[in-house]
file work_38.cif (mmCIF, C-alpha atoms)
data_target
loop_
_atom_site.label_atom_id
_atom_site.label_comp_id
_atom_site.auth_asym_id
_atom_site.auth_seq_id
_atom_site.Cartn_x
_atom_site.Cartn_y
_atom_site.Cartn_z
CA MET M 1 126.71 105.81 -1.25
CA ASN M 2 127.19 106.76 -4.87
CA ASN M 3 130.69 107.01 -6.21
CA ALA M 4 131.95 108.70 -9.34
CA ILE M 5 135.02 106.49 -9.15
CA LYS M 6 135.61 103.36 -7.13
CA VAL M 7 138.94 101.60 -7.62
CA GLU M 8 139.83 98.38 -5.91
CA ASN M 9 143.12 96.51 -5.87
CA LEU M 10 144.68 98.34 -8.75
CA CYS M 11 148.05 96.70 -9.43
CA ILE M 12 150.61 97.60 -12.05
CA LYS M 13 154.11 96.26 -12.37
CA PHE M 14 156.84 98.11 -14.20
CA GLU M 15 160.46 97.18 -13.83
CA GLU M 16 161.33 99.47 -10.97
CA PHE M 17 157.96 100.81 -9.96
CA GLY M 18 154.41 99.71 -9.61
CA LEU M 19 151.04 100.24 -8.01
CA ASP M 20 150.31 97.91 -5.14
CA ASN M 21 146.63 97.23 -4.47
CA VAL M 22 145.54 100.84 -4.84
CA SER M 23 141.94 101.22 -3.64
CA PHE M 24 139.93 104.39 -3.10
CA LYS M 25 136.68 106.14 -3.84
CA VAL M 26 135.57 109.48 -5.19
CA PRO M 27 132.08 109.96 -3.69
CA THR M 28 129.61 111.69 -5.99
CA GLY M 29 129.35 115.41 -5.29
CA SER M 30 132.72 115.76 -3.61
CA ILE M 31 136.18 117.13 -4.31
CA VAL M 32 138.85 114.54 -3.56
CA GLY M 33 142.44 115.73 -3.24
CA PHE M 34 145.08 113.29 -4.44
CA VAL M 35 148.51 113.90 -2.95
CA GLY M 36 151.92 112.25 -2.84
CA LYS M 37 155.50 113.20 -3.62
CA ASN M 38 156.90 113.16 -7.16
CA GLY M 39 156.99 109.63 -8.54
CA SER M 40 154.65 108.22 -5.90
CA GLY M 41 152.19 106.90 -8.49
CA LYS M 42 149.55 109.62 -8.80
CA THR M 43 149.75 110.03 -12.56
CA THR M 44 150.07 106.27 -13.07
CA THR M 45 146.91 105.77 -11.02
CA ILE M 46 145.03 108.40 -13.01
CA LYS M 47 146.27 107.03 -16.32
CA SER M 48 145.18 103.53 -15.42
CA ILE M 49 141.74 104.72 -14.33
CA LEU M 50 141.51 106.33 -17.77
CA GLN M 51 142.83 103.13 -19.39
CA ILE M 52 145.78 105.00 -20.89
CA ILE M 53 147.89 102.46 -19.02
CA LYS M 54 146.56 98.93 -18.92
CA SER M 55 146.47 97.53 -15.40
CA ASN M 56 147.18 93.92 -14.49
CA SER M 57 144.25 93.52 -12.17
CA ALA M 58 141.68 95.83 -10.69
CA SER M 59 138.04 96.34 -10.18
CA LEU M 60 136.95 99.73 -11.39
CA GLU M 61 133.55 101.37 -11.23
CA ILE M 62 132.77 104.65 -13.00
CA PHE M 63 129.47 106.30 -12.00
CA ASN M 64 128.64 103.02 -10.20
CA ASN M 65 129.01 101.01 -13.41
CA PRO M 66 131.57 98.21 -13.33
CA ILE M 67 134.14 98.54 -16.11
CA ASP M 68 134.82 95.36 -18.03
CA PHE M 69 138.52 95.33 -18.91
CA LYS M 70 138.03 92.61 -21.48
CA CYS M 71 136.22 95.06 -23.76
CA ASN M 72 138.25 96.78 -26.40
CA ASP M 73 137.57 100.29 -25.19
CA PRO M 74 135.82 99.79 -21.85
CA LEU M 75 135.68 103.46 -20.88
CA LEU M 76 134.19 104.68 -24.17
CA PRO M 77 130.56 104.94 -22.96
CA TYR M 78 131.65 107.29 -20.16
CA LEU M 79 134.15 109.56 -21.87
CA ASN M 80 131.50 112.18 -22.67
CA ASP M 81 130.98 112.56 -18.95
CA ILE M 82 134.65 112.80 -17.95
CA GLY M 83 136.79 115.91 -18.31
CA VAL M 84 140.54 115.44 -17.98
CA VAL M 85 143.33 117.97 -17.52
CA PHE M 86 147.00 117.06 -17.33
CA ASP M 87 149.76 119.42 -16.32
CA ASP M 88 151.38 119.55 -19.73
CA ASN M 89 149.93 120.41 -23.10
CA HIS M 90 148.40 117.49 -24.98
CA PHE M 91 147.16 119.33 -28.04
CA PRO M 92 149.08 119.26 -31.35
CA SER M 93 151.44 122.20 -31.18
CA LEU M 94 150.81 123.39 -34.74
CA MET M 95 147.04 123.51 -34.39
CA ASP M 96 145.24 126.74 -33.54
CA ILE M 97 142.52 127.17 -30.96
CA SER M 98 139.71 127.52 -33.53
CA THR M 99 140.64 124.15 -35.02
CA ILE M 100 140.70 122.57 -31.58
CA LYS M 101 137.25 123.96 -30.97
CA ILE M 102 135.91 122.41 -34.19
CA MET M 103 137.64 119.12 -33.45
CA MET M 104 136.23 118.89 -29.93
CA SER M 105 132.72 119.73 -31.14
CA LYS M 106 132.93 116.63 -33.36
CA ILE M 107 134.30 114.43 -30.58
CA TYR M 108 132.07 115.29 -27.65
CA LYS M 109 128.33 114.76 -27.72
CA ASN M 110 127.57 117.62 -25.33
CA TRP M 111 130.18 120.09 -26.58
CA ASP M 112 129.15 123.68 -25.83
CA ASN M 113 130.75 126.27 -28.14
CA GLU M 114 129.26 129.13 -26.18
CA LEU M 115 130.62 127.90 -22.85
CA PHE M 116 134.03 127.32 -24.43
CA ASP M 117 134.10 130.93 -25.71
CA GLN M 118 132.95 132.22 -22.34
CA LEU M 119 135.70 130.32 -20.52
CA LEU M 120 138.41 131.52 -22.90
CA LYS M 121 137.18 135.07 -22.45
CA LYS M 122 137.22 134.63 -18.69
CA PHE M 123 140.79 133.27 -18.92
CA GLU M 124 141.71 136.24 -21.13
CA ILE M 125 142.80 134.08 -24.04
CA PHE M 126 141.61 136.17 -26.97
CA TYR M 127 143.46 134.85 -30.00
CA GLU M 128 141.39 132.11 -31.48
CA ASN M 129 143.84 131.72 -34.35
CA GLN M 130 146.81 131.46 -32.08
CA LEU M 131 148.90 128.34 -32.48
CA ILE M 132 149.10 126.04 -29.49
CA GLU M 133 152.91 126.20 -29.50
CA LYS M 134 152.72 129.98 -29.01
CA LEU M 135 150.64 129.70 -25.85
CA SER M 136 152.33 130.28 -22.53
CA LYS M 137 152.36 127.28 -20.18
CA GLY M 138 149.70 128.90 -18.03
CA ASN M 139 147.44 129.62 -20.99
CA ALA M 140 147.89 126.09 -22.35
CA CYS M 141 146.67 124.83 -19.01
CA LYS M 142 143.70 127.20 -19.07
CA LEU M 143 142.85 125.99 -22.56
CA SER M 144 142.87 122.36 -21.35
CA MET M 145 140.60 123.37 -18.51
CA ALA M 146 138.20 125.11 -20.91
CA VAL M 147 138.09 122.03 -23.15
CA ALA M 148 137.49 119.78 -20.16
CA LEU M 149 134.60 121.90 -18.90
CA ALA M 150 133.03 122.78 -22.26
CA HIS M 151 131.75 119.29 -22.89
CA HIS M 152 129.67 119.35 -19.67
CA PRO M 153 131.29 116.45 -17.84
CA LYS M 154 130.06 115.01 -14.55
CA LEU M 155 133.52 114.06 -13.39
CA LEU M 156 136.72 116.07 -13.61
CA ILE M 157 140.03 114.25 -13.33
CA LEU M 158 142.79 116.80 -12.83
CA ASP M 159 146.47 115.93 -12.75
CA GLU M 160 148.36 118.91 -11.35
CA PRO M 161 146.44 121.35 -13.54
CA THR M 162 147.42 124.48 -11.61
CA SER M 163 151.17 123.91 -11.34
CA ASN M 164 151.93 126.44 -14.11
CA LEU M 165 149.45 129.09 -13.03
CA ASP M 166 150.08 132.39 -11.28
CA PRO M 167 148.46 132.91 -7.85
CA ILE M 168 145.57 134.94 -9.26
CA ALA M 169 144.77 132.31 -11.88
CA LYS M 170 144.99 129.61 -9.20
CA VAL M 171 142.24 131.28 -7.20
CA GLU M 172 140.17 131.62 -10.40
CA MET M 173 140.56 127.88 -10.93
CA LEU M 174 139.40 127.12 -7.39
CA ASP M 175 136.33 129.21 -8.17
CA LEU M 176 135.72 127.13 -11.27
CA PHE M 177 136.08 123.88 -9.34
CA LEU M 178 133.63 125.04 -6.68
CA ASP M 179 131.30 126.26 -9.43
CA PHE M 180 131.49 122.84 -11.02
CA VAL M 181 130.42 120.99 -7.86
CA GLN M 182 127.41 123.27 -7.33
CA ASP M 183 125.68 120.42 -9.14
CA GLU M 184 125.46 117.58 -6.62
CA SER M 185 126.02 114.97 -9.31
CA HIS M 186 129.44 116.43 -10.16
CA SER M 187 132.71 115.21 -8.66
CA ILE M 188 136.41 116.04 -8.91
CA LEU M 189 139.53 113.95 -8.46
CA TYR M 190 142.23 116.57 -8.02
CA SER M 191 145.88 115.61 -7.98
CA THR M 192 148.08 118.47 -6.83
CA HIS M 193 151.08 119.53 -4.78
CA ASN M 194 149.26 122.66 -3.63
CA THR M 195 148.04 121.23 -0.36
CA ASP M 196 146.88 124.64 0.85
CA GLU M 197 144.33 124.67 -1.98
CA LEU M 198 143.07 121.27 -0.85
CA GLU M 199 142.81 122.53 2.72
CA LYS M 200 140.35 125.08 1.40
CA ILE M 201 138.16 123.18 -1.01
CA ALA M 202 138.68 119.41 -0.75
CA ASP M 203 136.25 117.11 1.05
CA TYR M 204 138.54 114.08 1.17
CA ILE M 205 142.30 113.58 0.93
CA ILE M 206 143.98 110.50 -0.47
CA MET M 207 147.73 110.12 -0.14
CA ILE M 208 149.74 107.66 -2.18
CA ASP M 209 153.38 106.73 -1.61
CA GLU M 210 155.56 104.18 -3.44
CA GLY M 211 152.50 102.97 -5.30
CA ARG M 212 150.39 102.41 -2.18
CA VAL M 213 147.54 104.35 -0.64
CA VAL M 214 148.81 105.41 2.77
CA PHE M 215 145.72 107.28 3.88
CA GLU M 216 142.23 108.19 2.74
CA VAL M 217 140.60 110.63 5.12
CA ALA M 218 137.91 113.33 5.32
CA LYS M 219 139.80 116.62 5.18
CA ASP M 220 137.99 118.09 8.18
CA GLU M 221 139.03 115.07 10.22
CA LEU M 222 142.66 115.67 9.32
CA ILE M 223 142.42 119.38 10.12
CA TYR M 224 140.31 119.19 13.29
CA ASP M 225 140.90 115.73 14.78
CA TYR M 226 144.59 115.25 14.11
CA ALA M 227 147.15 116.94 16.35
CA VAL M 228 150.90 117.23 16.70
CA ILE M 229 152.68 117.22 20.07
CA LYS M 230 156.09 118.82 20.29
CA CYS M 231 158.31 117.85 23.21
CA SER M 232 161.80 116.87 24.32
CA PHE M 233 163.38 113.43 23.94
CA GLU M 234 163.09 112.70 27.68
CA GLN M 235 159.45 113.69 27.74
CA PHE M 236 158.76 111.51 24.71
CA LYS M 237 160.35 108.47 26.39
CA GLN M 238 157.97 108.73 29.32
CA MET M 239 154.77 109.25 27.36
CA ASP M 240 152.01 106.74 26.92
CA LYS M 241 152.24 106.26 23.16
CA SER M 242 149.01 104.36 22.55
CA ASN M 243 147.38 107.21 20.61
CA PHE M 244 150.40 108.10 18.52
CA VAL M 245 150.65 107.38 14.82
CA SER M 246 154.09 108.57 13.79
CA VAL M 247 157.15 110.28 15.24
CA ILE M 248 159.68 112.63 13.69
CA LYS M 249 162.84 113.34 15.67
CA ASP M 250 165.06 116.26 14.80
CA ASP M 251 168.10 117.76 16.50
CA TYR M 252 166.26 119.61 19.24
CA SER M 253 162.78 118.14 19.57
CA VAL M 254 160.39 115.30 18.94
CA LYS M 255 157.19 115.75 16.95
CA VAL M 256 154.39 113.23 17.37
CA LEU M 257 151.31 112.83 15.18
CA SER M 258 148.05 111.66 16.72
CA LYS M 259 144.61 111.16 15.19
CA ASN M 260 142.87 111.79 18.48
CA LYS M 261 143.18 115.45 19.36
CA GLU M 262 140.61 115.26 22.15
CA TYR M 263 142.62 112.60 23.96
CA ILE M 264 145.85 114.51 23.38
CA VAL M 265 144.41 117.76 24.73
CA ASP M 266 143.04 115.93 27.79
CA ASN M 267 146.22 114.02 28.56
CA PHE M 268 149.16 116.04 27.28
CA SER M 269 148.12 119.61 27.98
CA GLN M 270 151.55 120.32 29.51
CA TYR M 271 153.18 120.02 26.05
CA VAL M 272 152.92 122.14 22.93
CA ILE M 273 149.95 120.83 20.95
CA ASP M 274 149.51 122.12 17.42
CA THR M 275 146.91 121.55 14.76
CA THR M 276 148.35 120.10 11.63
CA ASN M 277 147.98 120.38 7.87
CA ILE M 278 148.13 118.09 4.86
CA ALA M 279 151.78 118.76 4.08
CA GLU M 280 152.85 117.98 7.65
CA VAL M 281 150.81 114.77 7.79
CA MET M 282 152.47 113.74 4.52
CA GLN M 283 155.87 114.35 6.16
CA PHE M 284 154.88 112.12 9.06
CA TYR M 285 153.84 109.30 6.75
CA ILE M 286 156.97 109.52 4.59
CA LYS M 287 159.75 110.55 6.99
CA GLY M 288 158.32 109.57 10.36
CA GLU M 289 158.81 106.39 12.38
CA LYS M 290 155.46 104.67 12.46
CA LEU M 291 153.88 103.56 15.70
CA ASN M 292 151.47 100.71 16.23
CA ASP M 293 149.84 100.28 19.64
CA GLY M 294 152.50 102.53 21.10
CA ILE M 295 155.41 100.58 19.68
CA ILE M 296 157.72 101.95 17.01
CA ILE M 297 157.63 99.64 14.03
CA MET R 1 123.97 138.48 5.74
CA ASN R 2 127.65 138.66 6.57
CA ILE R 3 129.82 135.70 7.41
CA ILE R 4 133.45 136.37 8.16
CA ILE R 5 135.80 133.43 8.19
CA SER R 6 139.26 133.70 9.68
CA ALA R 7 141.82 131.25 8.41
CA ASN R 8 144.05 131.94 11.41
CA SER R 9 141.49 131.48 14.14
CA SER R 10 141.80 128.57 16.55
CA MET R 11 138.05 128.14 16.16
CA PRO R 12 137.25 125.56 13.48
CA ILE R 13 135.64 127.00 10.35
CA TYR R 14 132.39 125.08 10.87
CA GLU R 15 132.14 126.58 14.36
CA GLN R 16 132.79 130.06 13.00
CA ILE R 17 129.81 129.53 10.70
CA THR R 18 127.49 128.10 13.36
CA SER R 19 128.33 130.72 15.96
CA GLN R 20 127.81 133.59 13.51
CA MET R 21 124.55 132.15 12.24
CA LYS R 22 123.30 131.50 15.77
CA GLU R 23 124.12 135.07 16.67
CA MET R 24 122.17 136.34 13.67
CA ILE R 25 119.21 134.11 14.56
CA ILE R 26 119.20 135.10 18.23
CA SER R 27 119.46 138.80 17.40
CA ASN R 28 116.62 138.39 14.87
CA LYS R 29 118.77 139.43 11.92
CA LEU R 30 117.74 136.08 10.51
CA LYS R 31 114.06 135.43 11.13
CA ALA R 32 112.12 132.21 11.40
CA GLY R 33 111.38 130.90 7.93
CA ASP R 34 114.29 132.73 6.28
CA ASN R 35 116.07 130.60 3.74
CA LEU R 36 119.76 129.92 4.43
CA PRO R 37 122.12 129.79 1.43
CA SER R 38 122.55 126.31 -0.04
CA VAL R 39 125.41 124.24 1.34
CA ARG R 40 127.19 124.24 -2.00
CA GLY R 41 126.52 127.91 -2.64
CA LEU R 42 127.94 128.95 0.71
CA ALA R 43 130.97 126.67 0.25
CA LYS R 44 131.67 128.35 -3.06
CA SER R 45 131.29 131.89 -1.77
CA LEU R 46 133.46 131.28 1.27
CA HIS R 47 136.01 129.18 -0.68
CA ILE R 48 135.69 126.28 1.71
CA SER R 49 134.78 122.65 1.29
CA ILE R 50 131.22 121.39 1.05
CA MET R 51 131.65 119.01 3.96
CA THR R 52 132.68 121.85 6.25
CA VAL R 53 129.48 123.77 5.49
CA GLN R 54 127.46 120.56 5.74
CA ARG R 55 128.87 119.96 9.22
CA ALA R 56 127.96 123.50 10.28
CA TYR R 57 124.40 123.08 8.99
CA ASP R 58 124.09 119.67 10.67
CA ASP R 59 125.20 121.22 13.96
CA LEU R 60 122.72 124.09 13.57
CA GLN R 61 119.97 121.58 12.95
CA LYS R 62 121.01 119.45 15.92
CA ASP R 63 120.77 122.55 18.11
CA CYS R 64 117.28 123.26 16.66
CA PHE R 65 118.26 126.57 15.04
CA VAL R 66 117.37 125.48 11.53
CA THR R 67 115.27 122.87 9.79
CA THR R 68 116.18 121.14 6.57
CA THR R 69 113.62 119.93 4.09
CA ALA R 70 114.88 117.53 1.46
CA GLY R 71 114.89 119.24 -1.93
CA LYS R 72 113.87 122.61 -0.50
CA GLY R 73 116.85 123.66 1.52
CA THR R 74 117.56 124.91 4.98
CA TYR R 75 115.33 127.36 6.85
CA VAL R 76 115.68 129.25 10.11
CA ALA R 77 113.55 127.44 12.68
CA ASN R 78 110.98 128.94 14.96
CA ILE R 79 113.17 129.31 18.00
CA ASN R 80 111.53 130.04 21.32
CA ASN R 81 112.87 132.21 24.08
CA ASN R 82 114.03 129.19 26.07
CA LEU R 83 116.39 128.23 23.29
CA LYS R 84 117.74 131.77 23.14
CA LYS R 85 118.21 131.79 26.89
CA GLU R 86 119.87 128.40 26.80
CA GLU R 87 122.25 129.48 24.07
CA ASN R 88 123.15 132.66 25.93
CA GLN R 89 123.65 130.62 29.08
CA LYS R 90 125.93 128.24 27.20
CA ASN R 91 127.97 131.12 25.80
CA LEU R 92 128.26 132.61 29.26
CA GLU R 93 129.32 129.30 30.78
CA ASN R 94 132.03 128.91 28.17
CA LYS R 95 133.39 132.36 28.89
CA VAL R 96 133.28 131.78 32.66
CA MET R 97 135.14 128.51 32.21
CA GLU R 98 137.85 130.40 30.37
CA ILE R 99 137.98 133.01 33.15
CA VAL R 100 138.24 130.33 35.85
CA ARG R 101 140.95 128.56 33.89
CA ILE R 102 143.03 131.73 33.69
CA ALA R 103 142.37 132.44 37.39
CA LYS R 104 143.55 128.97 38.41
CA LEU R 105 146.59 129.24 36.18
CA ASN R 106 147.55 132.42 38.04
CA ASN R 107 146.63 131.20 41.53
CA ILE R 108 143.82 133.71 41.91
CA SER R 109 141.45 132.51 44.62
CA ILE R 110 137.69 132.20 44.17
CA ASN R 111 137.21 135.06 46.63
CA GLU R 112 139.46 137.35 44.71
CA LEU R 113 137.71 136.36 41.49
CA ASN R 114 134.26 136.94 43.01
CA LYS R 115 135.35 140.34 44.23
CA LEU R 116 136.63 141.28 40.80
CA ILE R 117 133.44 140.12 39.12
CA SER R 118 131.16 142.01 41.48
CA LEU R 119 133.25 145.13 41.06
CA ILE R 120 132.93 144.92 37.30
CA TYR R 121 129.25 143.95 37.52
CA GLU R 122 128.45 146.93 39.72
CA GLY R 123 130.32 149.13 37.33
CA GLU R 124 132.90 150.33 39.83
CA TYR R 125 135.91 149.11 37.90
#
call {"tool": "encode", "arguments": {"input": "work_38.cif", "output": "structure tokens"}}
result
Amino acid sequence: MNNAIKVENLCIKFEEFGLDNVSFKVPTGSIVGFVGKNGSGKTTTIKSILQIIKSNSASLEIFNNPIDFKCNDPLLPYLNDIGVVFDDNHFPSLMDISTIKIMMSKIYKNWDNELFDQLLKKFEIFYENQLIEKLSKGNACKLSMAVALAHHPKLLILDEPTSNLDPIAKVEMLDLFLDFVQDESHSILYSTHNTDELEKIADYIIMIDEGRVVFEVAKDELIYDYAVIKCSFEQFKQMDKSNFVSVIKDDYSVKVLSKNKEYIVDNFSQYVIDTTNIAEVMQFYIKGEKLNDGIII
Amino acid sequence: MNIIISANSSMPIYEQITSQMKEMIISNKLKAGDNLPSVRGLAKSLHISIMTVQRAYDDLQKDCFVTTTAGKGTYVANINNNLKKEENQKNLENKVMEIVRIAKLNNISINELNKLISLIYEGEY
């Protein structure tokens, strides 16, 4: 299988935080959602893929090409094909949009002035001479998105790009992402807290917590094969727990996550069985007591 | 062609797609040889993930409703009457299973159920 990104054993050590053997893939042609609570290591992972942060050890492949960290600027040959959007503005605040346009056309080999103008028009950003510092947060984000797309990348790396957008603009962005992957050679790594967006458009979900990948799963598997049982404490005690992954106990009930809905429906039909969602599964992995072979660990 | 996806349905999205497409094929709204939208195109229009549409198309192909040619796309297959019959039979069985389940849940005997069905079938209800 072809991968736009393949990371293996990415480790970084800061004083109080680090990445611990982070490994995952972004298969070519897919949208991969990257989730985790604040400070879990999402941005650090993205920055080290982009070589903004130097990692201690890792094997990294971009478009199936191994990246040699010993090189001075190992990612340089691929930067034309990668579009990046961060959640905050990274353009000089006293520059205007026209200048940015000229600058980008000199930087990127495949820069497309026409597409850039089209996107700005679509985003309703009309003032080409407007200073970056005068842009609203939402418009600054849209500008980053336009820059990322206007150089015709094959891979988009997005770090919470929609966090400052209104609901209408968010849907517009989803449209753009789906537009982008109409080409089978295009892929997106999409870090976000908007898990409902990922439930719509993502093909895979990767969750990271405390610098570790806790799960990497096809989204449809999570939505259709995972299930949550809700029951009383007494009922929970008596259950066969072999197909349970994690348990959350609150004041009045016990919630159990399983990855085998078919088994759960066949064997526990007397209890409340719900489908789950990305946010709830994240809760289970962070707050829940984990189970291994039916034993709480 | 209309495809209506409910986000609140208990039926998985890929099943909503397959069942609606099967219905259109069986009722001849989609004819043999008609081109289905591309996987990516449909995903975009419906605002759902590519893999979900892919799964629906795979299922349709497995059930012989469509054929996929590499590089050309997905076409409605030449389905014969047996397949239509089989599909209708399957739909009927599923509905009957649901009816029997509800009957059992409410302690309605098979005789009572039979009586009810014949009444409705004969149009006297």
call {"tool": "interface_residues", "arguments": {"input": "work_38.cif", "of": "chain R", "to": "chain M", "cutoff": "9 Å", "atoms": "all atoms listed in the file", "output": "PyMOL selection string"}}
result
chain R and resi 10+12+39-41+43-45+47-52
call {"tool": "atom_distance", "arguments": {"input": "work_38.cif", "atom1": "CA of Thr43 in chain M", "atom2": "CA of Glu160 in chain M"}}
result
9.1 Å
call {"tool": "residues_around", "arguments": {"input": "work_38.cif", "residues": "Met1 in chain R", "least_positions_apart": "2", "cutoff": "12 Å", "atoms": "only C-alpha atoms", "output": "list of chain:residue names"}}
result
R:Ile3, R:Ile4, R:Ile17, R:Gln20, R:Met21, R:Glu23, R:Met24, R:Ile25, R:Asn28, R:Lys29, R:Leu30, R:Lys31, R:Asp34, R:Asn35, R:Leu36, R:Pro37, R:Leu42
call {"tool": "atom_distance", "arguments": {"input": "work_38.cif", "atom1": "CA of Ser246 in chain M", "atom2": "CA of Ser191 in chain M"}}
result
24.3 Å
call {"tool": "atom_distance", "arguments": {"input": "work_38.cif", "atom1": "CA of Thr74 in chain R", "atom2": "CA of Ala32 in chain R"}}
result
11.1 Å
call {"tool": "resolve_selection", "arguments": {"input": "work_38.cif", "expression": "the PyMOL selection byres ((chain M and resi 11-15) around 10)", "output": "list in words"}}
result
Glu8, Asn9, Leu10, Glu16, Phe17, Gly18, Leu19, Asp20, Asn21, Val22, Ser23, Thr44, Thr45, Ser48, Ile53, Lys54, Ser55, Asn56, Ser57, Ala58, Gly211 and Arg212 of chain M
call {"tool": "residues_around", "arguments": {"input": "work_38.cif", "residues": "range 77-88 of chain R", "least_positions_apart": "4", "cutoff": "8 Å", "atoms": "only C-alpha atoms", "output": "mmCIF file with C-alpha atoms, keeping the file's coordinate frame"}}
result
data_model
loop_
_atom_site.group_PDB
_atom_site.id
_atom_site.type_symbol
_atom_site.label_atom_id
_atom_site.label_comp_id
_atom_site.auth_asym_id
_atom_site.auth_seq_id
_atom_site.Cartn_x
_atom_site.Cartn_y
_atom_site.Cartn_z
ATOM 1 C CA ILE R 26 119.200 135.100 18.230
ATOM 2 C CA ALA R 32 112.120 132.210 11.400
ATOM 3 C CA GLY R 33 111.380 130.900 7.930
ATOM 4 C CA CYS R 64 117.280 123.260 16.660
ATOM 5 C CA PHE R 65 118.260 126.570 15.040
ATOM 6 C CA VAL R 66 117.370 125.480 11.530
ATOM 7 C CA THR R 67 115.270 122.870 9.790
ATOM 8 C CA LEU R 92 128.260 132.610 29.260
#
call {"tool": "closest_residue", "arguments": {"input": "work_38.cif", "among": "M:Asn72, M:Ser105, M:Asn89, M:Ser242", "to": "Lys137 in chain M", "atoms": "all atoms listed in the file"}}
result
M:Asn89
call {"tool": "resolve_selection", "arguments": {"input": "work_38.cif", "expression": "the PyMOL selection byres ((chain M and resi 78) around 10)", "output": "ChimeraX atom specification"}}
result
/M:62-63,65,67,74-77,79-82,153-155
call {"tool": "residues_around", "arguments": {"input": "work_38.cif", "residues": "Asp209 in chain M", "least_positions_apart": "4", "cutoff": "8 Å", "atoms": "all atoms listed in the file", "output": "VMD selection string"}}
result
chain M and resid 36 to 37 40 to 41 213 to 214 286
call {"tool": "residues_near_point", "arguments": {"input": "work_38.cif", "point": "(138.4, 119.5, -14.9)", "cutoff": "8 Å", "atoms": "all atoms listed in the file", "output": "list in words"}}
result
Gly83, Val84, Val85, Met145, Ala148, Leu149, Leu155, Leu156, Ile157, Leu158, Phe177 and Ile188 of chain M
call {"tool": "write_last_selection", "arguments": {"input": "work_38.cif", "atoms": "C-alpha atoms", "output": "mmCIF file, keeping the file's coordinate frame"}}
result
data_model
loop_
_atom_site.group_PDB
_atom_site.id
_atom_site.type_symbol
_atom_site.label_atom_id
_atom_site.label_comp_id
_atom_site.auth_asym_id
_atom_site.auth_seq_id
_atom_site.Cartn_x
_atom_site.Cartn_y
_atom_site.Cartn_z
ATOM 1 C CA GLY M 83 136.790 115.910 -18.310
ATOM 2 C CA VAL M 84 140.540 115.440 -17.980
ATOM 3 C CA VAL M 85 143.330 117.970 -17.520
ATOM 4 C CA MET M 145 140.600 123.370 -18.510
ATOM 5 C CA ALA M 148 137.490 119.780 -20.160
ATOM 6 C CA LEU M 149 134.600 121.900 -18.900
ATOM 7 C CA LEU M 155 133.520 114.060 -13.390
ATOM 8 C CA LEU M 156 136.720 116.070 -13.610
ATOM 9 C CA ILE M 157 140.030 114.250 -13.330
ATOM 10 C CA LEU M 158 142.790 116.800 -12.830
ATOM 11 C CA PHE M 177 136.080 123.880 -9.340
ATOM 12 C CA ILE M 188 136.410 116.040 -8.910
#
call {"tool": "closest_residue", "arguments": {"input": "work_38.cif", "among": "R:Asn94, R:Asn111, R:Ser118, R:Asn2", "to": "Leu46 in chain R", "atoms": "only C-alpha atoms"}}
result
R:Asn2
call {"tool": "resolve_selection", "arguments": {"input": "work_38.cif", "expression": "the PyMOL selection byres ((chain R and resi 18) around 8)", "output": "compact mmCIF listing (two decimals) with C-alpha atoms, in the coordinates of the input"}}
result
# COMPACT_ATOMS: atom_id res chain seq x y z
CA TYR R 14 132.39 125.08 10.87
CA GLU R 15 132.14 126.58 14.36
CA GLN R 16 132.79 130.06 13.00
CA ILE R 17 129.81 129.53 10.70
CA SER R 19 128.33 130.72 15.96
CA GLN R 20 127.81 133.59 13.51
CA MET R 21 124.55 132.15 12.24
CA LYS R 22 123.30 131.50 15.77
CA ALA R 56 127.96 123.50 10.28
CA TYR R 57 124.40 123.08 8.99
CA ASP R 59 125.20 121.22 13.96
CA LEU R 60 122.72 124.09 13.57
call {"tool": "decode", "arguments": {"input": "work_38.cif", "residues": "range 59-67 of chain M", "atoms": "N, CA and C atoms", "output": "PDB file, in the first residue's frame"}}
result
ATOM      1  N   SER M  59      12.033   6.717  11.836  1.00  0.00           N
ATOM      2  CA  SER M  59      12.147   6.471  10.416  1.00  0.00           C
ATOM      3  C   SER M  59      10.921   7.114   9.798  1.00  0.00           C
ATOM      4  N   LEU M  60      11.155   7.934   8.800  1.00  0.00           N
ATOM      5  CA  LEU M  60      10.079   8.700   8.196  1.00  0.00           C
ATOM      6  C   LEU M  60      10.104   8.494   6.689  1.00  0.00           C
ATOM      7  N   GLU M  61       8.937   8.187   6.129  1.00  0.00           N
ATOM      8  CA  GLU M  61       8.832   8.129   4.682  1.00  0.00           C
ATOM      9  C   GLU M  61       7.776   9.129   4.232  1.00  0.00           C
ATOM     10  N   ILE M  62       8.113   9.932   3.228  1.00  0.00           N
ATOM     11  CA  ILE M  62       7.161  10.856   2.624  1.00  0.00           C
ATOM     12  C   ILE M  62       6.972  10.414   1.175  1.00  0.00           C
ATOM     13  N   PHE M  63       5.738  10.197   0.769  1.00  0.00           N
ATOM     14  CA  PHE M  63       5.429   9.669  -0.570  1.00  0.00           C
ATOM     15  C   PHE M  63       6.274   8.427  -0.873  1.00  0.00           C
ATOM     16  N   ASN M  64       6.424   7.557   0.113  1.00  0.00           N
ATOM     17  CA  ASN M  64       7.188   6.308  -0.001  1.00  0.00           C
ATOM     18  C   ASN M  64       8.700   6.492  -0.150  1.00  0.00           C
ATOM     19  N   ASN M  65       9.182   7.735   0.010  1.00  0.00           N
ATOM     20  CA  ASN M  65      10.627   7.954  -0.039  1.00  0.00           C
ATOM     21  C   ASN M  65      11.167   8.099   1.372  1.00  0.00           C
ATOM     22  N   PRO M  66      12.153   7.294   1.729  1.00  0.00           N
ATOM     23  CA  PRO M  66      12.745   7.441   3.066  1.00  0.00           C
ATOM     24  C   PRO M  66      13.446   8.795   3.192  1.00  0.00           C
ATOM     25  N   ILE M  67      13.255   9.434   4.335  1.00  0.00           N
ATOM     26  CA  ILE M  67      13.869  10.743   4.582  1.00  0.00           C
ATOM     27  C   ILE M  67      15.161  10.524   5.366  1.00  0.00           C
TER      28      ILE M  67
END
